[in-house]
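S.K.: Enclosed is the structure file coords.txt (compact mmCIF, C-alpha atoms).
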# COMPACT_ATOMS: atom_id res chain seq x y z
CA MET S 8 155.79 176.61 113.75
CA THR S 9 157.01 176.91 110.16
CA HIS S 10 154.27 177.60 107.65
CA PHE S 11 154.20 176.28 104.15
CA THR S 12 154.22 178.47 101.06
CA GLU S 13 151.20 179.04 98.84
CA ASP S 14 152.82 176.99 96.08
CA GLU S 15 153.20 174.08 98.45
CA PHE S 16 149.54 174.30 99.39
CA LEU S 17 148.62 174.44 95.73
CA GLY S 18 150.69 171.33 95.10
CA TYR S 19 148.92 169.69 98.04
CA ALA S 20 145.49 170.68 96.73
CA LEU S 21 146.31 169.35 93.27
CA ARG S 22 148.03 166.24 94.66
CA THR S 23 151.14 166.86 92.62
CA LEU S 24 153.57 166.45 95.55
CA SER S 25 155.25 163.32 96.85
CA GLU S 26 153.56 161.19 99.53
CA GLU S 27 156.02 162.47 102.13
CA GLU S 28 155.28 166.12 101.35
CA LEU S 29 151.54 165.47 101.29
CA CYS S 30 151.73 163.88 104.76
CA SER S 31 153.71 166.74 106.29
CA ILE S 32 151.36 169.38 104.84
CA ALA S 33 148.31 167.41 105.99
CA SER S 34 149.60 167.27 109.54
CA HIS S 35 150.45 170.98 109.44
CA LEU S 36 146.95 171.85 108.23
CA GLU S 37 145.45 169.91 111.12
CA ALA S 38 147.43 171.98 113.59
CA CYS S 39 147.40 175.45 111.95
CA SER S 40 144.02 177.16 111.60
CA GLN S 41 145.52 180.13 109.74
CA CYS S 42 146.92 177.90 106.99
CA ARG S 43 143.72 175.87 106.95
CA LEU S 44 141.72 179.00 106.11
CA LEU S 45 144.16 179.87 103.34
CA PHE S 46 143.96 176.33 102.01
CA GLU S 47 140.16 176.20 102.09
CA LYS S 48 140.00 179.42 100.09
CA MET S 49 142.41 177.93 97.58
CA GLU S 50 140.27 174.79 97.29
CA ASP S 51 137.20 176.94 96.58
CA GLU S 52 139.08 178.76 93.83
CA ILE S 53 140.16 175.48 92.25
CA GLU S 54 136.55 174.33 92.39
CA VAL S 55 135.55 177.46 90.45
CA LEU S 56 138.24 176.72 87.87
CA ALA S 57 136.90 173.21 87.50
CA GLY S 58 133.26 174.24 87.51
CA VAL S 59 132.71 176.22 84.33
CA LYS S 60 129.30 175.06 83.15
CA PRO S 61 128.02 175.85 79.70
CA ASP S 62 124.34 176.65 79.60
CA VAL S 63 122.65 173.34 78.87
CA SER S 64 119.74 175.03 77.09
CA SER S 65 122.21 176.31 74.48
CA LEU S 66 123.34 172.75 73.78
CA PRO S 67 121.34 170.49 71.48
CA PRO S 68 120.10 167.25 73.00
CA PRO S 69 121.67 164.11 71.54
CA LEU S 70 119.76 162.94 68.48
CA PRO S 71 116.89 160.57 69.33
CA ARG S 72 117.51 156.95 68.48
CA PRO S 73 114.83 154.38 67.63
CA SER S 74 113.75 153.09 70.98
CA ARG S 75 113.42 149.41 71.72
CA ARG S 76 111.68 149.91 75.00
CA LEU S 77 108.09 150.84 75.53
CA ASP S 78 108.77 153.59 78.04
CA GLY S 79 110.14 155.83 75.32
CA HIS S 80 113.73 156.01 76.58
CA GLY S 81 116.57 154.85 74.38
CA PRO S 82 118.46 151.66 75.17
CA SER S 83 120.98 152.05 77.96
CA LEU S 84 124.60 150.94 77.68
CA SER S 85 123.98 147.94 79.90
CA SER S 86 120.92 146.81 77.93
CA LEU S 87 122.89 147.05 74.68
CA ARG S 88 125.69 145.00 76.14
CA GLN S 89 123.19 142.46 77.46
CA ALA S 90 121.54 142.19 74.04
CA PHE S 91 124.95 141.69 72.43
CA SER S 92 125.94 138.95 74.87
CA HIS S 93 122.58 137.20 74.35
CA SER S 94 122.96 137.15 70.57
CA ALA S 95 126.56 135.94 70.92
CA LEU S 96 125.32 133.09 73.14
CA ARG S 97 122.65 132.16 70.59
CA ILE S 98 125.21 132.07 67.77
CA ALA S 99 127.56 129.91 69.86
CA ALA S 100 124.69 127.52 70.71
CA LEU S 101 123.76 127.21 67.02
CA ILE S 102 127.36 126.44 66.06
CA ALA S 103 127.61 123.80 68.81
CA LEU S 104 124.33 122.24 67.67
CA GLY S 105 125.57 122.16 64.07
CA ILE S 106 128.78 120.41 65.11
CA LEU S 107 126.87 117.82 67.17
CA VAL S 108 124.41 117.08 64.35
CA GLY S 109 127.23 116.79 61.83
CA PHE S 110 129.12 114.43 64.13
CA GLY S 111 126.03 112.24 64.65
CA VAL S 112 125.28 112.00 60.92
CA SER S 113 128.88 111.07 60.15
CA LYS S 114 128.73 108.31 62.79
CA LYS S 115 125.61 106.79 61.24
CA MET S 116 127.12 106.68 57.80
CA SER S 117 129.03 103.57 56.66
CA ARG S 118 132.75 103.78 57.31
CA GLU S 119 133.66 101.04 54.76
CA PRO S 120 135.38 102.54 51.71
CA GLU S 121 133.56 102.02 48.45
CA PHE S 122 135.62 100.99 45.44
CA PHE S 123 134.60 101.81 41.97
CA SER S 124 136.08 99.76 39.14
CA PRO S 125 137.56 102.08 36.52
CA ALA S 126 135.86 102.09 33.16
CA TYR S 127 138.37 101.34 30.41
CA VAL S 128 137.82 102.92 27.04
CA THR S 129 139.02 101.00 24.04
CA LEU S 130 139.98 103.21 21.17
CA SER S 131 139.30 101.91 17.69
CA PRO S 132 142.17 102.21 15.15
CA PRO S 133 141.92 105.10 12.67
CA SER S 134 140.23 104.42 9.40
CA ASP S 135 142.43 103.69 6.37
CA SER S 136 141.88 107.08 4.76
CA LEU S 137 143.24 108.85 7.84
CA VAL S 138 146.31 106.70 8.32
CA PRO S 139 148.64 108.90 6.19
CA TYR S 140 147.73 111.89 8.32
CA THR S 141 148.08 110.17 11.62
CA VAL S 142 151.04 111.37 13.62
CA SER S 143 152.94 108.75 15.49
CA ASP S 144 153.88 111.06 18.32
CA GLY S 145 154.29 114.75 19.01
CA THR S 146 157.72 115.08 17.37
CA SER S 147 157.44 113.46 13.97
CA VAL S 148 155.22 114.30 11.03
CA SER S 149 154.02 111.81 8.49
CA PRO S 150 156.00 112.22 5.19
CA VAL S 151 152.77 112.35 3.18
CA TYR S 152 151.43 115.15 5.31
CA TYR S 153 154.78 116.93 5.12
CA GLU S 154 154.79 116.80 1.33
CA GLN S 155 151.27 118.13 1.22
CA LEU S 156 152.28 121.05 3.42
CA ARG S 157 155.21 121.91 1.15
CA GLU S 158 153.00 121.92 -1.90
CA ASP S 159 150.50 124.17 -0.19
CA ARG S 160 153.26 126.69 0.57
CA LYS S 161 154.24 126.85 -3.05
CA MET I 19 120.56 157.95 78.59
CA ARG I 20 118.67 161.02 79.77
CA LEU I 21 120.36 160.78 83.16
CA LEU I 22 123.76 160.45 81.52
CA VAL I 23 123.11 163.54 79.43
CA GLU I 24 121.92 165.55 82.41
CA ALA I 25 124.88 164.53 84.51
CA HIS I 26 127.66 164.97 81.96
CA GLN I 27 126.63 167.10 78.99
CA ALA I 28 127.66 170.48 80.40
CA ARG I 29 131.02 169.19 81.61
CA LEU I 30 131.76 167.48 78.29
CA ALA I 31 130.79 170.65 76.42
CA ALA I 32 133.19 172.63 78.62
CA LEU I 33 135.96 170.11 77.91
CA ALA I 34 135.30 170.38 74.18
CA LEU I 35 135.09 174.16 74.40
CA PHE I 36 138.55 174.39 75.97
CA ILE I 37 140.06 171.99 73.44
CA THR I 38 138.42 173.39 70.30
CA GLY I 39 137.78 177.02 71.28
CA SER I 40 134.51 176.86 69.38
CA ALA I 41 130.99 176.92 70.81
CA ASP I 42 129.53 175.10 67.83
CA ALA I 43 132.18 172.41 67.96
CA ALA I 44 131.71 172.10 71.72
CA SER I 45 127.99 171.42 71.43
CA ASP I 46 128.56 169.06 68.49
CA VAL I 47 131.18 167.12 70.45
CA ALA I 48 128.98 166.91 73.55
CA GLU I 49 126.15 165.57 71.41
CA GLU I 50 128.28 163.14 69.44
CA THR I 51 129.95 161.79 72.58
CA PHE I 52 126.73 160.21 73.83
CA LEU I 53 125.97 158.66 70.47
CA ARG I 54 129.49 157.22 70.28
CA ALA I 55 129.22 155.96 73.84
CA LEU I 56 126.15 153.91 72.94
CA ASN I 57 128.01 152.13 70.15
CA ALA I 58 131.38 151.90 71.86
CA THR I 59 133.00 148.69 72.98
CA ILE I 60 133.99 149.04 76.60
CA LYS I 61 137.54 147.75 77.01
CA ASN I 62 138.28 149.08 80.47
CA GLU I 63 135.61 147.55 82.70
CA SER I 64 137.03 149.14 85.84
CA GLY I 65 136.93 152.70 84.47
CA THR I 66 134.39 155.34 85.43
CA VAL I 67 131.56 156.61 83.24
CA ARG I 68 133.02 160.08 83.63
CA GLY I 69 136.40 158.98 82.32
CA PHE I 70 134.82 156.90 79.56
CA LEU I 71 132.75 159.82 78.26
CA GLY I 72 135.67 162.21 78.81
CA THR I 73 137.96 160.10 76.64
CA ILE I 74 135.44 160.03 73.78
CA ALA I 75 134.79 163.76 74.07
CA TYR I 76 138.49 164.63 74.23
CA ARG I 77 139.33 162.61 71.12
CA LEU I 78 136.39 164.04 69.20
CA ALA I 79 137.36 167.54 70.32
CA LEU I 80 140.94 167.00 69.18
CA LYS I 81 139.67 166.01 65.74
CA GLU I 82 137.45 169.08 65.65
CA ALA I 83 140.36 171.29 66.74
CA LYS I 84 142.53 169.91 63.94
CA ARG I 85 139.76 170.53 61.42
CA ASP I 86 139.26 174.03 62.79
CA ARG I 87 142.99 174.71 62.49
CA ARG I 88 142.85 173.69 58.85
CA ASN I 89 139.96 176.10 58.34
CA VAL I 90 141.92 178.94 59.93
CA GLU I 91 144.86 178.15 57.67
CA LEU I 92 142.51 178.82 54.77
CA ASP I 93 141.99 182.34 56.09
CA GLY I 94 142.32 183.71 52.58
CA LEU I 95 138.90 182.25 51.86
CA ASN I 96 137.48 184.42 54.66
CA LEU I 97 136.35 181.56 56.84
CA VAL I 98 135.36 182.98 60.18
CA ARG I 99 136.54 181.34 63.38
CA ASP I 100 133.94 181.65 66.07
CA SER I 101 136.18 181.45 69.14
CA GLU I 102 135.90 185.19 69.77
CA ASN I 103 132.25 185.05 70.74
CA ALA I 104 132.17 181.38 71.70
CA LEU I 105 132.23 181.91 75.43
CA GLU I 106 129.37 184.39 75.57
CA ARG I 107 127.24 182.17 73.39
CA ILE I 108 127.63 179.08 75.50
CA LEU I 109 128.23 180.51 79.00
CA ARG I 110 125.55 182.51 80.72
CA ASP I 111 127.29 183.03 84.04
CA GLU I 112 129.60 186.07 84.14
CA ARG I 113 132.15 184.46 86.44
CA ASP I 114 132.20 181.31 84.29
CA CYS I 115 132.92 183.52 81.30
CA ALA I 116 135.85 185.19 83.05
CA VAL I 117 137.26 181.85 84.21
CA ALA I 118 136.83 180.31 80.76
CA GLU I 119 138.57 183.27 79.14
CA VAL I 120 141.60 182.78 81.38
CA ILE I 121 141.68 179.04 80.75
CA ALA I 122 141.34 179.66 77.02
CA ALA I 123 144.33 182.00 77.19
CA LEU I 124 146.61 179.17 78.37
CA ASP I 125 148.82 177.53 75.78
CA GLU I 126 147.54 174.30 74.29
CA ALA I 127 149.72 171.94 76.36
CA HIS I 128 148.66 173.44 79.70
CA ARG I 129 145.05 173.95 78.66
CA SER I 130 144.65 170.32 77.54
CA VAL I 131 146.00 168.97 80.82
CA LEU I 132 143.78 171.27 82.87
CA ALA I 133 140.70 170.44 80.79
CA LEU I 134 141.35 166.70 80.98
CA ARG I 135 141.89 166.82 84.74
CA PHE I 136 139.02 169.11 85.69
CA TYR I 137 136.49 168.38 82.96
CA GLY I 138 137.47 165.00 81.55
CA GLY I 139 137.72 163.19 84.87
CA PHE I 140 141.17 161.84 84.03
CA SER I 141 143.80 160.84 86.60
CA TYR I 142 147.32 162.20 86.11
CA GLU I 143 148.46 158.79 84.89
CA GLU I 144 145.65 158.67 82.33
CA ILE I 145 146.49 162.19 81.14
CA ALA I 146 150.13 161.19 80.73
CA VAL I 147 149.08 158.32 78.47
CA GLU I 148 146.55 160.42 76.57
CA VAL I 149 148.86 163.35 75.80
CA GLY I 150 152.01 161.23 75.56
CA ALA I 151 153.97 163.14 78.20
CA PRO I 152 155.78 161.95 81.35
CA LEU I 153 153.81 161.97 84.60
CA GLY I 154 156.06 164.64 86.10
CA THR I 155 155.45 166.92 83.13
CA VAL I 156 151.69 166.47 83.46
CA LYS I 157 151.81 167.38 87.17
CA SER I 158 154.00 170.36 86.47
CA ARG I 159 151.67 171.56 83.70
CA ILE I 160 148.55 171.34 85.86
CA PHE I 161 150.35 173.12 88.69
CA TYR I 162 151.45 176.06 86.54
CA ALA I 163 148.15 176.19 84.68
CA VAL I 164 146.18 176.51 87.92
CA LYS I 165 148.71 178.93 89.36
CA TYR I 166 148.47 181.18 86.30
CA CYS I 167 144.66 181.07 86.30
CA ARG I 168 144.42 181.91 90.01
CA GLU I 169 146.84 184.81 89.73
CA THR I 170 145.16 186.23 86.63
CA LEU I 171 141.69 185.92 88.13
CA LYS I 172 142.91 187.61 91.33
CA GLN I 173 144.26 190.50 89.28
CA ARG I 174 140.90 190.79 87.52
CA GLY I 175 139.09 190.78 90.83
CA VAL I 176 137.24 187.53 90.21
CA PHE I 177 138.84 185.79 93.21
Could I get this file's structure written as structure tokens?

M.R.:
Amino acid sequence: MTHFTEDEFLGYALRTLSEEELCSIASHLEACSQCRLLFEKMEDEIEVLAGVKPDVSSLPPPLPRPSRRLDGHGPSLSSLRQAFSHSALRIAALIALGILVGFGVSKKMSREPEFFSPAYVTLSPPSDSLVPYTVSDGTSVSPVYYEQLREDRK
Amino acid sequence: MRLLVEAHQARLAALALFITGSADAASDVAEETFLRALNATIKNESGTVRGFLGTIAYRLALKEAKRDRRNVELDGLNLVRDSENALERILRDERDCAVAEVIAALDEAHRSVLALRFYGGFSYEEIAVEVGAPLGTVKSRIFYAVKYCRETLKQRGVF
């Protein structure tokens, strides 16, 4: 019977080998008590490596949170998630209700368009005194006003 | 919450201790992890609580480690790093101290993989994603990390 090396057993213990290698080592371990002892010792050592435990009394407890429950314990993850899903449902129900109410109100309202007649404003002509200063359009200036401007410049 | 703390606090503190090398940071991370967990949005419904808490603790510890590194870089200001006496302060068991010393002596890449596997509850695939390394590299790192630790602890008479 050919035995496996320590490295191969370590790879088996850590599950870093291929499926084929894992199967052949597993069947060897079933048959070979000597290797099984070696492997069990190795597993214990790995457990020690993975089992370093800091002293819990040296660690501060997580800060207390305002409790919602009467028994004094903080809210659990599941209760928080439940509360969140409940509030989400309430919001969705309110939105749906709003849409329904809005739709109903719009149905009740008259659909006929309402026309409003435009109010025309009649402008009175400028008084006689203002006529010389009245500009016909944006591009021309009344000669009287032009003369007055020239005199002012002087 | 109390049950969660009892079941996972020590393991999360160990994970943080190996990532940060600081007892203070380790206890802070272990504490903060539970508070973050309460406010976290769970994306992976099929994941385990162990992995969920481990991920939070690992990321917090990485942040702490980066901050600690910046502090060490400012050595001129005489800022003391507490990694020298960290293990004795947080570990009461003598064998745990010896094991932790050997793990702490690993380089960062090997130590992170070992800590995530043994203390974070990560699968190899999850570690590969978390550290951004190929799966084969992750397996190789854990293999050599454990091999080194076993040999060193045998030489010291722990195993």

S.K.: Would you kindly report the residues of chain I within 6 Å of chain S, using only C-alpha atoms, as a list in words?

M.R.: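 Only these qualify: Met19, Ala28, Ser45, Glu49, Leu56, Ile108, Leu109, Asp114, Phe136 and Lys157 of chain I.
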
S.K.: Grab the CA of Gln173 in chain I to CA of Ala34 in chain I distance for me, in Å with one decimal place.

M.R.: 26.7 Å

S.K.: Kindly give the distance, in Å, that separates CA of Thr155 in chain I and CA of Glu26 in chain S, rounded to a single decimal.

M.R.: 17.5 Å

S.K.: Between I:Arg159, I:His26, I:Arg174, I:Arg68, which is the closest to Asp125 in chain I once you count all atoms listed in the file?

M.R.: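 Smallest distance to Asp125 in chain I is found for I:Arg159.
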
S.K.: Looking at all atoms listed in the file, which of I:Ala118, I:Val147, I:Ile160, I:Leu22 is the one that sits closest to Val131 in chain I?

M.R.: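 Comparing I:Ala118, I:Val147, I:Ile160, I:Leu22 against Val131 in chain I, the winner is I:Ile160.
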
S.K.: For CA of His10 in chain S and CA of Phe161 in chain I, determine how far apart the two atoms are, in Å to one decimal place.

M.R.: 19.9 Å
